[in-house]
Amino acid sequence: MSIYICDASYDDDRPRIDFNCPETRENDWLLIGDVLDGLQPVSLWPATVVMKSLPREAIYWDCFMAAGTKGVFSQRFVDVVGKDSLSAFTVLPCQLNFVGYYFLRCERQIDCLDRKSTRLNSSHLVISY
């Protein structure tokens, strides 16, 4: 068993989604939020969701927190975590600086490990508390 952690960065110089950029502002964020929260069906997901970030080289980051969402994740994140681990989610496409990224919509409750009652062993790659 492997555990992967995608921690949020709180550094002042971390990349940020630029919500002042015209491309980012053109998205229907209310609809996007409703689809991600399960209030609207996935079939209403917009054909294109385009965002820009500051700085532009931010495409080397694997996770961005976007207001009103659970995050935006890179293709590399999806590949590393694997489809089996994401089976509780619908993966919804978007673009960040013209690179494919994804929003995740949780479709069912998922179990999490309780660090106090779980014995960890050498097969765990990254543990973060």
# chains A, B, ... in the order shown; residues from 1 in each chain; ligands from 1
>>> residues_around(residues="Phe73 of chain A", least_positions_apart="6", cutoff="12 Å", atoms="only C-alpha atoms", output="list in words")
Cys6, Asp7, Ala8, Ile59, Tyr60, Trp61, Asp62, Cys63, Phe64, Met65, Ala66, Asp79, Val80, Val81, Leu86, Val91, Leu92, Pro93, Cys94, Gln95, Leu96, Val99, Gly100, Tyr101, Tyr102, Phe103, Leu104 and Arg105 of chain A
>>> select_by_dssp(residues="segment 55-109 of chain A", states="strand (DSSP E)", output="number ranges by chain")
A: 63-64, 72-74, 89-96, 99-106
>>> closest_residue(among="A:Ile17, A:Cys106, A:Val78, A:Val35", to="Thr90 of chain A", atoms="only C-alpha atoms")
A:Cys106
>>> closest_residue(among="A:Ser74, A:Asn97, A:Gln109, A:Ser85", to="Ser53 of chain A", atoms="only C-alpha atoms")
A:Asn97
>>> residues_around(residues="Pro22 of chain A", least_positions_apart="6", cutoff="12 Å", atoms="only C-alpha atoms", output="ChimeraX atom specification")
/A:50-53
>>> atom_distance(atom1="atom CA of Lys83 of chain A", atom2="atom CA of Gly38 of chain A")
20.3 Å
>>> closest_residue(among="A:Arg108, A:Asp84, A:Lys70, A:Phe98", to="Glu23 of chain A", atoms="only C-alpha atoms")
A:Phe98
>>> decode(residues="segment 80-106 of chain A", atoms="N, CA and C atoms", output="short mmCIF file (atom, residue, chain, number, x, y, z; two decimals), in the first residue's frame")
data_model
loop_
_atom_site.label_atom_id
_atom_site.label_comp_id
_atom_site.auth_asym_id
_atom_site.auth_seq_id
_atom_site.Cartn_x
_atom_site.Cartn_y
_atom_site.Cartn_z
N VAL A 80 -0.07 9.78 -11.11
CA VAL A 80 0.63 9.22 -9.94
C VAL A 80 -0.37 8.59 -8.97
N VAL A 81 -1.45 9.27 -8.70
CA VAL A 81 -2.44 8.74 -7.77
C VAL A 81 -3.13 7.51 -8.36
N GLY A 82 -3.40 7.54 -9.64
CA GLY A 82 -3.98 6.39 -10.32
C GLY A 82 -5.50 6.38 -10.33
N LYS A 83 -6.03 5.77 -11.37
CA LYS A 83 -7.49 5.75 -11.54
C LYS A 83 -8.19 4.97 -10.44
N ASP A 84 -7.55 3.91 -9.93
CA ASP A 84 -8.18 3.13 -8.86
C ASP A 84 -8.38 3.99 -7.62
N SER A 85 -7.37 4.81 -7.30
CA SER A 85 -7.47 5.67 -6.12
C SER A 85 -8.48 6.80 -6.31
N LEU A 86 -8.77 7.12 -7.55
CA LEU A 86 -9.71 8.20 -7.84
C LEU A 86 -11.10 7.67 -8.21
N SER A 87 -11.36 6.40 -7.92
CA SER A 87 -12.62 5.80 -8.33
C SER A 87 -13.84 6.45 -7.67
N ALA A 88 -13.66 7.14 -6.57
CA ALA A 88 -14.78 7.81 -5.89
C ALA A 88 -15.04 9.20 -6.48
N PHE A 89 -14.27 9.59 -7.49
CA PHE A 89 -14.36 10.93 -8.05
C PHE A 89 -14.69 10.89 -9.54
N THR A 90 -15.38 11.92 -10.01
CA THR A 90 -15.47 12.19 -11.44
C THR A 90 -14.41 13.23 -11.73
N VAL A 91 -13.58 12.95 -12.73
CA VAL A 91 -12.48 13.85 -13.10
C VAL A 91 -12.99 14.75 -14.22
N LEU A 92 -13.03 16.07 -13.95
CA LEU A 92 -13.60 17.04 -14.88
C LEU A 92 -12.49 17.92 -15.45
N PRO A 93 -12.38 17.98 -16.78
CA PRO A 93 -11.25 18.67 -17.41
C PRO A 93 -11.36 20.20 -17.36
N CYS A 94 -10.18 20.81 -17.32
CA CYS A 94 -10.04 22.26 -17.45
C CYS A 94 -8.64 22.53 -18.00
N GLN A 95 -8.37 23.78 -18.29
CA GLN A 95 -7.04 24.17 -18.76
C GLN A 95 -6.49 25.26 -17.86
N LEU A 96 -5.22 25.12 -17.52
CA LEU A 96 -4.52 26.13 -16.76
C LEU A 96 -3.30 26.52 -17.57
N ASN A 97 -3.26 27.75 -18.04
CA ASN A 97 -2.17 28.22 -18.90
C ASN A 97 -1.97 27.29 -20.09
N PHE A 98 -3.09 26.85 -20.68
CA PHE A 98 -3.11 26.00 -21.88
C PHE A 98 -2.60 24.59 -21.64
N VAL A 99 -2.56 24.16 -20.39
CA VAL A 99 -2.14 22.80 -20.04
C VAL A 99 -3.33 22.11 -19.37
N GLY A 100 -3.53 20.83 -19.67
CA GLY A 100 -4.65 20.09 -19.10
C GLY A 100 -4.54 19.90 -17.60
N TYR A 101 -5.55 20.30 -16.87
CA TYR A 101 -5.69 20.09 -15.43
C TYR A 101 -7.09 19.54 -15.19
N TYR A 102 -7.40 19.21 -13.92
CA TYR A 102 -8.69 18.60 -13.61
C TYR A 102 -9.24 19.09 -12.28
N PHE A 103 -10.55 19.22 -12.25
CA PHE A 103 -11.29 19.36 -11.00
C PHE A 103 -11.75 17.96 -10.63
N LEU A 104 -11.92 17.69 -9.34
CA LEU A 104 -12.42 16.40 -8.88
C LEU A 104 -13.76 16.60 -8.19
N ARG A 105 -14.75 15.84 -8.63
CA ARG A 105 -16.07 15.85 -8.00
C ARG A 105 -16.22 14.55 -7.23
N CYS A 106 -16.41 14.65 -5.94
CA CYS A 106 -16.56 13.46 -5.09
C CYS A 106 -17.96 12.88 -5.30
#
